[in-house]
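Undergrad: Below is the file target-v2.cif, which contains mmCIF, C-alpha atoms.
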data_data
loop_
_atom_site.label_atom_id
_atom_site.label_comp_id
_atom_site.auth_asym_id
_atom_site.auth_seq_id
_atom_site.Cartn_x
_atom_site.Cartn_y
_atom_site.Cartn_z
CA MET A 14 -199.54 -158.74 -58.58
CA SER A 15 -197.19 -161.62 -59.25
CA ALA A 16 -198.11 -165.11 -58.06
CA TRP A 17 -194.89 -165.50 -56.07
CA LEU A 18 -195.78 -162.44 -54.00
CA GLU A 19 -199.20 -163.92 -53.29
CA THR A 20 -197.58 -167.11 -51.99
CA VAL A 21 -196.28 -165.15 -49.00
CA LYS A 22 -198.62 -165.15 -46.00
CA TRP A 23 -198.62 -161.48 -45.09
CA ASN A 24 -199.87 -160.73 -41.58
CA ALA A 25 -202.85 -158.52 -40.71
CA ASP A 26 -200.63 -155.45 -41.25
CA GLY A 27 -199.43 -156.77 -44.62
CA LEU A 28 -195.96 -157.59 -43.27
CA VAL A 29 -193.63 -160.54 -42.70
CA PRO A 30 -190.37 -160.74 -40.74
CA ALA A 31 -187.28 -160.61 -42.97
CA ILE A 32 -183.94 -161.89 -41.72
CA ALA A 33 -180.70 -160.81 -43.41
CA GLN A 34 -177.77 -163.21 -43.17
CA GLU A 35 -174.29 -162.31 -44.39
CA THR A 36 -172.83 -164.53 -47.10
CA GLY A 37 -169.46 -165.98 -46.15
CA SER A 38 -169.49 -165.24 -42.43
CA GLY A 39 -173.04 -166.54 -41.93
CA THR A 40 -173.70 -163.79 -39.39
CA VAL A 41 -177.36 -163.00 -38.80
CA LEU A 42 -177.19 -159.27 -39.38
CA THR A 43 -180.68 -157.86 -38.98
CA GLN A 44 -184.32 -158.73 -38.58
CA ALA A 45 -186.62 -156.20 -40.20
CA TRP A 46 -190.05 -156.26 -41.86
CA MET A 47 -191.22 -156.39 -45.45
CA ASN A 48 -194.47 -155.62 -47.18
CA ARG A 49 -195.28 -156.65 -50.75
CA ASP A 50 -193.69 -153.55 -52.19
CA ALA A 51 -190.47 -154.04 -50.21
CA LEU A 52 -190.15 -157.66 -51.33
CA GLU A 53 -190.93 -156.82 -54.94
CA ARG A 54 -188.34 -154.04 -55.02
CA THR A 55 -185.78 -156.23 -53.29
CA ALA A 56 -186.23 -158.89 -55.96
CA ALA A 57 -186.16 -156.35 -58.80
CA THR A 58 -183.14 -154.35 -57.64
CA ARG A 59 -181.24 -157.05 -55.69
CA GLU A 60 -180.84 -154.52 -52.88
CA ALA A 61 -182.65 -155.09 -49.57
CA HIS A 62 -185.73 -152.94 -49.06
CA TYR A 63 -187.83 -153.07 -45.92
CA TRP A 64 -190.94 -151.50 -44.47
CA SER A 65 -190.04 -149.19 -41.63
CA ARG A 66 -192.78 -149.53 -39.02
CA SER A 67 -191.46 -146.54 -37.04
CA ARG A 68 -191.30 -144.24 -40.04
CA GLY A 69 -194.29 -145.74 -41.85
CA ARG A 70 -192.54 -145.88 -45.20
CA LEU A 71 -190.50 -148.03 -47.53
CA TRP A 72 -186.84 -148.01 -46.66
CA ARG A 73 -183.89 -149.00 -48.80
CA LYS A 74 -181.36 -150.42 -46.35
CA GLY A 75 -178.32 -148.15 -46.42
CA GLU A 76 -180.06 -145.19 -48.03
CA ALA A 77 -178.69 -142.89 -45.29
CA SER A 78 -175.61 -144.82 -44.11
CA GLY A 79 -174.39 -146.25 -47.40
CA HIS A 80 -174.46 -149.67 -45.75
CA VAL A 81 -176.58 -151.33 -48.41
CA GLN A 82 -177.29 -155.04 -48.53
CA ARG A 83 -176.71 -156.63 -51.94
CA VAL A 84 -178.99 -159.64 -52.18
CA ARG A 85 -177.61 -162.98 -53.29
CA GLU A 86 -180.62 -165.14 -52.41
CA ILE A 87 -184.21 -164.68 -51.32
CA ARG A 88 -185.59 -167.58 -49.30
CA LEU A 89 -189.06 -168.36 -47.96
CA ASP A 90 -189.82 -170.71 -45.08
CA CYS A 91 -192.02 -173.79 -45.00
CA ASP A 92 -195.16 -172.00 -43.87
CA HIS A 93 -194.58 -168.97 -46.10
CA ASP A 94 -194.56 -166.33 -43.39
CA SER A 95 -190.87 -165.57 -42.99
CA ILE A 96 -188.20 -164.36 -45.44
CA LEU A 97 -184.45 -165.00 -45.32
CA LEU A 98 -182.11 -162.87 -47.41
CA ILE A 99 -178.53 -163.93 -48.08
CA VAL A 100 -176.65 -160.66 -48.53
CA GLU A 101 -173.34 -158.93 -48.96
CA GLN A 102 -173.22 -156.21 -46.30
CA SER A 103 -171.41 -153.18 -47.61
CA GLY A 104 -169.08 -151.55 -45.11
CA GLY A 105 -169.35 -154.66 -42.93
CA ILE A 106 -171.78 -152.74 -40.71
CA ALA A 107 -175.46 -153.61 -40.58
CA CYS A 108 -176.48 -151.95 -37.31
CA HIS A 109 -177.29 -148.28 -36.85
CA THR A 110 -175.13 -148.38 -33.70
CA GLY A 111 -172.06 -148.93 -35.90
CA ARG A 112 -171.71 -152.61 -35.06
CA HIS A 113 -171.33 -155.50 -37.51
CA HIS A 114 -174.84 -156.73 -36.72
CA CYS A 115 -177.81 -155.93 -34.55
CA PHE A 116 -177.76 -158.98 -32.24
CA TYR A 117 -174.95 -157.76 -30.03
CA LYS A 118 -176.65 -158.23 -26.64
CA ARG A 119 -176.25 -161.64 -25.04
CA LEU A 120 -178.11 -162.93 -22.02
CA GLU A 121 -175.64 -163.68 -19.24
CA GLU A 122 -176.88 -164.57 -15.76
CA GLY A 123 -180.07 -162.60 -16.03
CA ALA A 124 -178.73 -159.51 -17.80
CA TRP A 125 -178.25 -158.40 -21.39
CA LEU A 126 -174.55 -157.76 -21.94
CA GLU A 127 -173.16 -155.90 -24.96
CA VAL A 128 -170.61 -158.33 -26.36
CA GLU A 129 -169.58 -156.79 -29.66
CA PRO A 130 -167.59 -153.65 -30.47
CA VAL A 131 -168.71 -150.48 -32.19
CA LEU A 132 -166.73 -150.49 -35.46
CA LYS A 133 -167.62 -146.98 -36.52
CA ASP A 134 -169.07 -144.03 -34.63
CA PRO A 135 -172.71 -143.56 -35.74
CA LYS A 136 -172.08 -139.78 -35.85
CA THR A 137 -169.57 -140.46 -38.62
CA ILE A 138 -171.89 -142.89 -40.42
CA TYR A 139 -174.86 -140.55 -40.48
CA GLY A 140 -172.94 -137.28 -40.70
CA LYS A 141 -174.59 -135.78 -37.64
CA MET B 24 -191.02 -160.68 -13.55
CA SER B 25 -187.31 -160.37 -14.14
CA ALA B 26 -185.91 -157.08 -15.45
CA TRP B 27 -184.25 -158.75 -18.46
CA LEU B 28 -187.65 -160.01 -19.63
CA GLU B 29 -189.05 -156.49 -19.35
CA THR B 30 -186.25 -155.15 -21.57
CA VAL B 31 -187.79 -157.03 -24.51
CA LYS B 32 -190.29 -154.97 -26.49
CA TRP B 33 -193.15 -157.44 -26.81
CA ASN B 34 -195.64 -156.62 -29.55
CA ALA B 35 -199.37 -156.00 -29.03
CA ASP B 36 -199.89 -159.78 -28.84
CA GLY B 37 -197.06 -160.15 -26.30
CA LEU B 38 -194.75 -161.78 -28.85
CA VAL B 39 -191.41 -161.22 -30.60
CA PRO B 40 -189.84 -163.05 -33.55
CA ALA B 41 -187.22 -165.61 -32.51
CA ILE B 42 -184.62 -166.82 -35.00
CA ALA B 43 -182.73 -170.07 -34.37
CA GLN B 44 -179.28 -170.37 -35.92
CA GLU B 45 -177.27 -173.57 -35.85
CA THR B 46 -173.90 -173.40 -34.13
CA GLY B 47 -171.07 -174.56 -36.36
CA SER B 48 -172.85 -174.53 -39.72
CA GLY B 49 -174.38 -171.10 -39.17
CA THR B 50 -177.56 -172.22 -40.91
CA VAL B 51 -180.65 -170.17 -40.10
CA LEU B 52 -182.93 -173.02 -39.08
CA THR B 53 -186.26 -171.54 -38.08
CA GLN B 54 -188.12 -168.35 -37.32
CA ALA B 55 -190.77 -168.78 -34.68
CA TRP B 56 -192.36 -166.61 -31.99
CA MET B 57 -191.80 -166.22 -28.27
CA ASN B 58 -193.83 -164.77 -25.46
CA ARG B 59 -192.44 -163.98 -22.00
CA ASP B 60 -193.07 -167.49 -20.77
CA ALA B 61 -191.34 -169.08 -23.77
CA LEU B 62 -188.26 -166.92 -23.35
CA GLU B 63 -188.12 -167.47 -19.61
CA ARG B 64 -188.36 -171.26 -20.01
CA THR B 65 -185.79 -171.21 -22.81
CA ALA B 66 -183.34 -169.41 -20.54
CA ALA B 67 -184.09 -171.65 -17.57
CA THR B 68 -183.94 -175.00 -19.37
CA ARG B 69 -181.53 -174.11 -22.22
CA GLU B 70 -183.96 -175.79 -24.61
CA ALA B 71 -185.83 -173.66 -27.15
CA HIS B 72 -189.46 -172.96 -26.27
CA TYR B 73 -191.78 -170.99 -28.52
CA TRP B 74 -195.33 -169.75 -28.58
CA SER B 75 -197.33 -171.60 -31.20
CA ARG B 76 -199.72 -169.08 -32.75
CA SER B 77 -201.62 -171.81 -34.61
CA ARG B 78 -202.08 -173.99 -31.54
CA GLY B 79 -202.35 -171.12 -29.07
CA ARG B 80 -200.01 -172.72 -26.56
CA LEU B 81 -196.42 -172.95 -25.40
CA TRP B 82 -194.38 -175.36 -27.45
CA ARG B 83 -191.09 -177.00 -26.58
CA LYS B 84 -189.33 -177.40 -29.92
CA GLY B 85 -188.93 -181.12 -30.55
CA GLU B 86 -191.56 -182.24 -28.06
CA ALA B 87 -193.19 -184.42 -30.74
CA SER B 88 -190.29 -185.01 -33.16
CA GLY B 89 -187.42 -185.31 -30.70
CA HIS B 90 -185.64 -182.60 -32.70
CA VAL B 91 -184.97 -180.35 -29.75
CA GLN B 92 -182.80 -177.25 -29.92
CA ARG B 93 -180.18 -177.02 -27.18
CA VAL B 94 -179.48 -173.34 -26.61
CA ARG B 95 -175.90 -172.08 -26.53
CA GLU B 96 -176.63 -168.35 -26.64
CA ILE B 97 -179.62 -166.03 -26.37
CA ARG B 98 -179.17 -162.74 -28.20
CA LEU B 99 -181.30 -159.60 -28.38
CA ASP B 100 -181.13 -157.00 -31.13
CA CYS B 101 -180.44 -153.28 -30.90
CA ASP B 102 -184.06 -152.21 -30.63
CA HIS B 103 -185.04 -155.07 -28.32
CA ASP B 104 -187.77 -156.57 -30.47
CA SER B 105 -186.07 -159.61 -31.99
CA ILE B 106 -184.38 -162.65 -30.45
CA LEU B 107 -181.59 -164.78 -31.91
CA LEU B 108 -180.86 -168.20 -30.46
CA ILE B 109 -177.61 -170.03 -31.21
CA VAL B 110 -178.52 -173.71 -30.95
CA GLU B 111 -177.46 -177.29 -31.41
CA GLN B 112 -180.15 -178.91 -33.55
CA SER B 113 -180.65 -182.51 -32.51
CA GLY B 114 -181.15 -184.89 -35.40
CA GLY B 115 -179.91 -182.22 -37.80
CA ILE B 116 -183.54 -181.57 -38.75
CA ALA B 117 -185.32 -178.38 -37.75
CA CYS B 118 -188.24 -178.39 -40.20
CA HIS B 119 -191.45 -180.37 -39.82
CA THR B 120 -191.07 -181.32 -43.50
CA GLY B 121 -187.98 -183.38 -42.58
CA ARG B 122 -185.49 -180.89 -44.00
CA HIS B 123 -182.42 -179.46 -42.27
CA HIS B 124 -184.07 -176.06 -41.99
CA CYS B 125 -187.27 -174.26 -42.90
CA PHE B 126 -185.90 -171.81 -45.49
CA TYR B 127 -185.71 -174.30 -48.33
CA LYS B 128 -187.61 -172.30 -50.96
CA ARG B 129 -185.55 -169.93 -53.08
CA LEU B 130 -186.86 -167.29 -55.43
CA GLU B 131 -185.71 -168.07 -58.97
CA GLU B 132 -187.06 -166.08 -61.91
CA GLY B 133 -190.37 -165.31 -60.30
CA ALA B 134 -191.05 -168.68 -58.67
CA TRP B 135 -190.29 -170.32 -55.32
CA LEU B 136 -188.19 -173.42 -55.97
CA GLU B 137 -187.57 -176.12 -53.37
CA VAL B 138 -183.80 -176.36 -53.29
CA GLU B 139 -183.07 -178.64 -50.33
CA PRO B 140 -183.71 -182.34 -49.81
CA VAL B 141 -186.02 -184.06 -47.38
CA LEU B 142 -183.65 -185.89 -45.03
CA LYS B 143 -186.29 -187.91 -43.23
CA ASP B 144 -189.90 -188.73 -44.06
CA PRO B 145 -192.15 -186.69 -41.74
CA LYS B 146 -194.33 -189.82 -41.29
CA THR B 147 -191.33 -191.48 -39.66
CA ILE B 148 -190.51 -188.42 -37.57
CA TYR B 149 -194.00 -188.02 -36.16
CA GLY B 150 -194.95 -191.71 -36.14
CA LYS B 151 -198.08 -191.20 -38.22
#
Write the structure described by the file as structure tokens, please.
TA:
Amino acid sequence: MSAWLETVKWNADGLVPAIAQETGSGTVLTQAWMNRDALERTAATREAHYWSRSRGRLWRKGEASGHVQRVREIRLDCDHDSILLIVEQSGGIACHTGRHHCFYKRLEEGAWLEVEPVLKDPKTIYGK
Amino acid sequence: MSAWLETVKWNADGLVPAIAQETGSGTVLTQAWMNRDALERTAATREAHYWSRSRGRLWRKGEASGHVQRVREIRLDCDHDSILLIVEQSGGIACHTGRHHCFYKRLEEGAWLEVEPVLKDPKTIYGK
């Protein structure tokens, strides 16, 4: 195991939060989770890999949708328990709902309002 | 308890990751954690509150340093388990190391390099 991977303070489940931010626009696209393997593969391939907690397996972002994240930078925070990726988002769509990014609900007077448009029908993205 | 707080999928410890992004610059400043109380107070006061896992208590960002985060927007992601705050960072310093933000280490050829300057000596910030 490489020393730089050991620097990361993995939680009890062996994971850390990983934020993907789009280069250029600066949009915070997604927050997912990484384990050692995901981070190592991300660094080696320069494509974002995450650990899917729901599916219990490694997941290359965009493997089904084609909406891969090409990684420009990998950043670590001051206390070594959070990762920030600077990425190019292919297709301009990071969210499985077909939106540009996942943070499309905004708190307005005690309710979560959807404030961003669906750019592409998920049925089209996933061929269902 | 308000319905909007119940929409959030709190983890087994009653927490979710909370990302703070600076308005204007778009810089991802910090990734911290919120519990229900922290989110409720953040919404009520429009100042970022987090749950400090190390101190085991609620924490108003900037309570010691003066580097508070005024909250412009509170966003929730598609699967309801991650929060994004759009903030004004007072003092232009979000990190306890005296840097603009916490993600100042960048992976370069298998090592984490510090790539951003200390803007203010932490001893001055915290009066130690």
Undergrad: Using all C-alpha atoms paired in order, least-squares fit chain A onto chain B and give me the moved copy as a PDB file with C-alpha atoms, in the frame of the given file.
TA:
ATOM      1  CA  MET A  14    -191.044-160.684 -13.574  1.00  0.00           C
ATOM      2  CA  SER A  15    -187.326-160.364 -14.160  1.00  0.00           C
ATOM      3  CA  ALA A  16    -185.904-157.086 -15.453  1.00  0.00           C
ATOM      4  CA  TRP A  17    -184.254-158.751 -18.451  1.00  0.00           C
ATOM      5  CA  LEU A  18    -187.639-160.006 -19.637  1.00  0.00           C
ATOM      6  CA  GLU A  19    -189.038-156.492 -19.349  1.00  0.00           C
ATOM      7  CA  THR A  20    -186.240-155.167 -21.563  1.00  0.00           C
ATOM      8  CA  VAL A  21    -187.779-157.025 -24.504  1.00  0.00           C
ATOM      9  CA  LYS A  22    -190.289-154.978 -26.500  1.00  0.00           C
ATOM     10  CA  TRP A  23    -193.134-157.447 -26.822  1.00  0.00           C
ATOM     11  CA  ASN A  24    -195.640-156.612 -29.555  1.00  0.00           C
ATOM     12  CA  ALA A  25    -199.364-155.993 -29.037  1.00  0.00           C
ATOM     13  CA  ASP A  26    -199.887-159.779 -28.849  1.00  0.00           C
ATOM     14  CA  GLY A  27    -197.066-160.156 -26.311  1.00  0.00           C
ATOM     15  CA  LEU A  28    -194.743-161.781 -28.860  1.00  0.00           C
ATOM     16  CA  VAL A  29    -191.410-161.220 -30.601  1.00  0.00           C
ATOM     17  CA  PRO A  30    -189.855-163.052 -33.558  1.00  0.00           C
ATOM     18  CA  ALA A  31    -187.218-165.599 -32.513  1.00  0.00           C
ATOM     19  CA  ILE A  32    -184.625-166.822 -34.991  1.00  0.00           C
ATOM     20  CA  ALA A  33    -182.731-170.069 -34.363  1.00  0.00           C
ATOM     21  CA  GLN A  34    -179.284-170.360 -35.923  1.00  0.00           C
ATOM     22  CA  GLU A  35    -177.272-173.578 -35.840  1.00  0.00           C
ATOM     23  CA  THR A  36    -173.887-173.403 -34.132  1.00  0.00           C
ATOM     24  CA  GLY A  37    -171.056-174.569 -36.365  1.00  0.00           C
ATOM     25  CA  SER A  38    -172.847-174.540 -39.708  1.00  0.00           C
ATOM     26  CA  GLY A  39    -174.383-171.094 -39.155  1.00  0.00           C
ATOM     27  CA  THR A  40    -177.567-172.221 -40.900  1.00  0.00           C
ATOM     28  CA  VAL A  41    -180.648-170.167 -40.095  1.00  0.00           C
ATOM     29  CA  LEU A  42    -182.922-173.009 -39.081  1.00  0.00           C
ATOM     30  CA  THR A  43    -186.259-171.538 -38.068  1.00  0.00           C
ATOM     31  CA  GLN A  44    -188.116-168.348 -37.330  1.00  0.00           C
ATOM     32  CA  ALA A  45    -190.784-168.782 -34.682  1.00  0.00           C
ATOM     33  CA  TRP A  46    -192.369-166.606 -31.985  1.00  0.00           C
ATOM     34  CA  MET A  47    -191.809-166.219 -28.268  1.00  0.00           C
ATOM     35  CA  ASN A  48    -193.829-164.766 -25.448  1.00  0.00           C
ATOM     36  CA  ARG A  49    -192.424-163.988 -22.001  1.00  0.00           C
ATOM     37  CA  ASP A  50    -193.064-167.489 -20.758  1.00  0.00           C
ATOM     38  CA  ALA A  51    -191.341-169.084 -23.761  1.00  0.00           C
ATOM     39  CA  LEU A  52    -188.255-166.901 -23.345  1.00  0.00           C
ATOM     40  CA  GLU A  53    -188.110-167.474 -19.604  1.00  0.00           C
ATOM     41  CA  ARG A  54    -188.352-171.245 -20.010  1.00  0.00           C
ATOM     42  CA  THR A  55    -185.791-171.216 -22.800  1.00  0.00           C
ATOM     43  CA  ALA A  56    -183.334-169.403 -20.544  1.00  0.00           C
ATOM     44  CA  ALA A  57    -184.083-171.657 -17.564  1.00  0.00           C
ATOM     45  CA  THR A  58    -183.932-174.995 -19.381  1.00  0.00           C
ATOM     46  CA  ARG A  59    -181.513-174.117 -22.224  1.00  0.00           C
ATOM     47  CA  GLU A  60    -183.959-175.783 -24.611  1.00  0.00           C
ATOM     48  CA  ALA A  61    -185.842-173.654 -27.157  1.00  0.00           C
ATOM     49  CA  HIS A  62    -189.467-172.975 -26.280  1.00  0.00           C
ATOM     50  CA  TYR A  63    -191.781-170.982 -28.506  1.00  0.00           C
ATOM     51  CA  TRP A  64    -195.343-169.736 -28.576  1.00  0.00           C
ATOM     52  CA  SER A  65    -197.328-171.588 -31.191  1.00  0.00           C
ATOM     53  CA  ARG A  66    -199.726-169.079 -32.738  1.00  0.00           C
ATOM     54  CA  SER A  67    -201.622-171.826 -34.599  1.00  0.00           C
ATOM     55  CA  ARG A  68    -202.093-173.995 -31.535  1.00  0.00           C
ATOM     56  CA  GLY A  69    -202.350-171.125 -29.053  1.00  0.00           C
ATOM     57  CA  ARG A  70    -200.002-172.715 -26.551  1.00  0.00           C
ATOM     58  CA  LEU A  71    -196.424-172.936 -25.384  1.00  0.00           C
ATOM     59  CA  TRP A  72    -194.397-175.356 -27.430  1.00  0.00           C
ATOM     60  CA  ARG A  73    -191.105-177.000 -26.582  1.00  0.00           C
ATOM     61  CA  LYS A  74    -189.339-177.393 -29.921  1.00  0.00           C
ATOM     62  CA  GLY A  75    -188.944-181.112 -30.562  1.00  0.00           C
ATOM     63  CA  GLU A  76    -191.555-182.236 -28.052  1.00  0.00           C
ATOM     64  CA  ALA A  77    -193.200-184.420 -30.736  1.00  0.00           C
ATOM     65  CA  SER A  78    -190.300-185.013 -33.153  1.00  0.00           C
ATOM     66  CA  GLY A  79    -187.418-185.315 -30.712  1.00  0.00           C
ATOM     67  CA  HIS A  80    -185.657-182.608 -32.711  1.00  0.00           C
ATOM     68  CA  VAL A  81    -184.961-180.347 -29.756  1.00  0.00           C
ATOM     69  CA  GLN A  82    -182.809-177.246 -29.934  1.00  0.00           C
ATOM     70  CA  ARG A  83    -180.184-177.009 -27.187  1.00  0.00           C
ATOM     71  CA  VAL A  84    -179.477-173.335 -26.621  1.00  0.00           C
ATOM     72  CA  ARG A  85    -175.911-172.082 -26.534  1.00  0.00           C
ATOM     73  CA  GLU A  86    -176.637-168.346 -26.640  1.00  0.00           C
ATOM     74  CA  ILE A  87    -179.615-166.034 -26.371  1.00  0.00           C
ATOM     75  CA  ARG A  88    -179.175-162.737 -28.196  1.00  0.00           C
ATOM     76  CA  LEU A  89    -181.305-159.594 -28.377  1.00  0.00           C
ATOM     77  CA  ASP A  90    -181.141-156.992 -31.133  1.00  0.00           C
ATOM     78  CA  CYS A  91    -180.443-153.278 -30.902  1.00  0.00           C
ATOM     79  CA  ASP A  92    -184.067-152.213 -30.633  1.00  0.00           C
ATOM     80  CA  HIS A  93    -185.036-155.080 -28.323  1.00  0.00           C
ATOM     81  CA  ASP A  94    -187.767-156.575 -30.472  1.00  0.00           C
ATOM     82  CA  SER A  95    -186.073-159.607 -31.986  1.00  0.00           C
ATOM     83  CA  ILE A  96    -184.375-162.661 -30.440  1.00  0.00           C
ATOM     84  CA  LEU A  97    -181.580-164.782 -31.915  1.00  0.00           C
ATOM     85  CA  LEU A  98    -180.851-168.208 -30.460  1.00  0.00           C
ATOM     86  CA  ILE A  99    -177.607-170.028 -31.202  1.00  0.00           C
ATOM     87  CA  VAL A 100    -178.515-173.708 -30.954  1.00  0.00           C
ATOM     88  CA  GLU A 101    -177.453-177.283 -31.429  1.00  0.00           C
ATOM     89  CA  GLN A 102    -180.159-178.911 -33.555  1.00  0.00           C
ATOM     90  CA  SER A 103    -180.654-182.496 -32.517  1.00  0.00           C
ATOM     91  CA  GLY A 104    -181.141-184.903 -35.399  1.00  0.00           C
ATOM     92  CA  GLY A 105    -179.903-182.202 -37.779  1.00  0.00           C
ATOM     93  CA  ILE A 106    -183.533-181.564 -38.745  1.00  0.00           C
ATOM     94  CA  ALA A 107    -185.324-178.386 -37.742  1.00  0.00           C
ATOM     95  CA  CYS A 108    -188.231-178.388 -40.200  1.00  0.00           C
ATOM     96  CA  HIS A 109    -191.441-180.362 -39.829  1.00  0.00           C
ATOM     97  CA  THR A 110    -191.061-181.333 -43.504  1.00  0.00           C
ATOM     98  CA  GLY A 111    -187.976-183.381 -42.578  1.00  0.00           C
ATOM     99  CA  ARG A 112    -185.493-180.896 -44.004  1.00  0.00           C
ATOM    100  CA  HIS A 113    -182.422-179.462 -42.267  1.00  0.00           C
ATOM    101  CA  HIS A 114    -184.080-176.052 -41.988  1.00  0.00           C
ATOM    102  CA  CYS A 115    -187.263-174.255 -42.884  1.00  0.00           C
ATOM    103  CA  PHE A 116    -185.906-171.798 -45.485  1.00  0.00           C
ATOM    104  CA  TYR A 117    -185.705-174.288 -48.318  1.00  0.00           C
ATOM    105  CA  LYS A 118    -187.614-172.295 -50.961  1.00  0.00           C
ATOM    106  CA  ARG A 119    -185.543-169.927 -53.072  1.00  0.00           C
ATOM    107  CA  LEU A 120    -186.862-167.295 -55.434  1.00  0.00           C
ATOM    108  CA  GLU A 121    -185.710-168.073 -58.964  1.00  0.00           C
ATOM    109  CA  GLU A 122    -187.065-166.088 -61.906  1.00  0.00           C
ATOM    110  CA  GLY A 123    -190.371-165.316 -60.292  1.00  0.00           C
ATOM    111  CA  ALA A 124    -191.052-168.685 -58.659  1.00  0.00           C
ATOM    112  CA  TRP A 125    -190.297-170.317 -55.325  1.00  0.00           C
ATOM    113  CA  LEU A 126    -188.191-173.406 -55.977  1.00  0.00           C
ATOM    114  CA  GLU A 127    -187.567-176.117 -53.374  1.00  0.00           C
ATOM    115  CA  VAL A 128    -183.785-176.359 -53.284  1.00  0.00           C
ATOM    116  CA  GLU A 129    -183.074-178.634 -50.344  1.00  0.00           C
ATOM    117  CA  PRO A 130    -183.700-182.350 -49.817  1.00  0.00           C
ATOM    118  CA  VAL A 131    -186.024-184.067 -47.385  1.00  0.00           C
ATOM    119  CA  LEU A 132    -183.645-185.897 -45.017  1.00  0.00           C
ATOM    120  CA  LYS A 133    -186.280-187.920 -43.228  1.00  0.00           C
ATOM    121  CA  ASP A 134    -189.885-188.736 -44.072  1.00  0.00           C
ATOM    122  CA  PRO A 135    -192.157-186.712 -41.739  1.00  0.00           C
ATOM    123  CA  LYS A 136    -194.331-189.840 -41.310  1.00  0.00           C
ATOM    124  CA  THR A 137    -191.320-191.490 -39.682  1.00  0.00           C
ATOM    125  CA  ILE A 138    -190.511-188.423 -37.569  1.00  0.00           C
ATOM    126  CA  TYR A 139    -194.003-188.036 -36.172  1.00  0.00           C
ATOM    127  CA  GLY A 140    -194.964-191.711 -36.151  1.00  0.00           C
ATOM    128  CA  LYS A 141    -198.091-191.195 -38.223  1.00  0.00           C
TER     129      LYS A 141
END
Undergrad: Would you mind telling me which residue in B:Lys84, B:Arg93, B:Arg59, B:Lys128 lies nearest to Ser95 (chain A) when using all atoms listed in the file?
TA: B:Lys128
Undergrad: Exactly which residues make up the result of the PyMOL selection byres ((chain B) within 7 of (chain A)) on this file, given as an NGL selection string?
TA: :B and (27 or 49 or 54 or 96-101 or 105 or 107 or 125-130 or 133-135)
Undergrad: Please compute the CA of Glu101 (chain A)-CA of Ala57 (chain A) distance, one decimal, in Å.
TA: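 These atoms are spaced 16.4 Å apart.
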Undergrad: As AutoDock Vina command-line options, please: the centre and edge lengths in Å, to one decimal, of an axis-aligned box enclosing every listed atom of region 57-75 of chain A with 3 Å added on each side.
TA:
--center_x -186.3 --center_y -150.6 --center_z -47.9 --size_x 22.0 --size_y 18.8 --size_z 27.8
Undergrad: Could you jot down the CA of Gly140 (chain A) to CA of Val81 (chain A) separation for me, Å, one decimal place?
TA: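 Taking CA of Gly140 (chain A) and CA of Val81 (chain A), their separation equals 16.4 Å.
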Undergrad: CA of Val84 (chain A) to CA of Ala107 (chain A): how many Å, to one decimal?
TA: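 Separating CA of Val84 (chain A) from CA of Ala107 (chain A) is a distance of 13.5 Å.
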Undergrad: Please identify all polymer residues within 10 Å of Gly75 (chain A), counting only C-alpha atoms, omitting same-chain residues fewer than 4 positions from it, and present them as a CSV table (one decimal) with C-alpha atoms, keeping the file's coordinate frame.
TA:
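Ended up saving to result22.csv:
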chain,number,residue,atom,x,y,z
A,60,GLU,CA,-180.8,-154.5,-52.9
A,61,ALA,CA,-182.6,-155.1,-49.6
A,62,HIS,CA,-185.7,-152.9,-49.1
A,79,GLY,CA,-174.4,-146.2,-47.4
A,80,HIS,CA,-174.5,-149.7,-45.8
A,81,VAL,CA,-176.6,-151.3,-48.4
A,82,GLN,CA,-177.3,-155.0,-48.5
A,102,GLN,CA,-173.2,-156.2,-46.3
A,103,SER,CA,-171.4,-153.2,-47.6
A,104,GLY,CA,-169.1,-151.6,-45.1
A,106,ILE,CA,-171.8,-152.7,-40.7
A,107,ALA,CA,-175.5,-153.6,-40.6
A,109,HIS,CA,-177.3,-148.3,-36.8
Undergrad: Could you tell me which residues the PyMOL selection byres ((chain A and resi 132) around 6) returns for this structure, as a PyMOL selection string?
TA: chain A and resi 111-112+130-131+133
Undergrad: Using the chain letters and numbers from the file, which residues does the PyMOL selection byres ((chain A and resi 66) around 12) grab, as a PyMOL selection string?
TA: chain A and resi 26-30+45-48+63-65+67-72
Undergrad: So, counting only C-alpha atoms, which residue among A:Ile138, A:Asp50, A:Thr36, A:Arg59 is closest to Trp23 (chain A)?
TA: A:Asp50
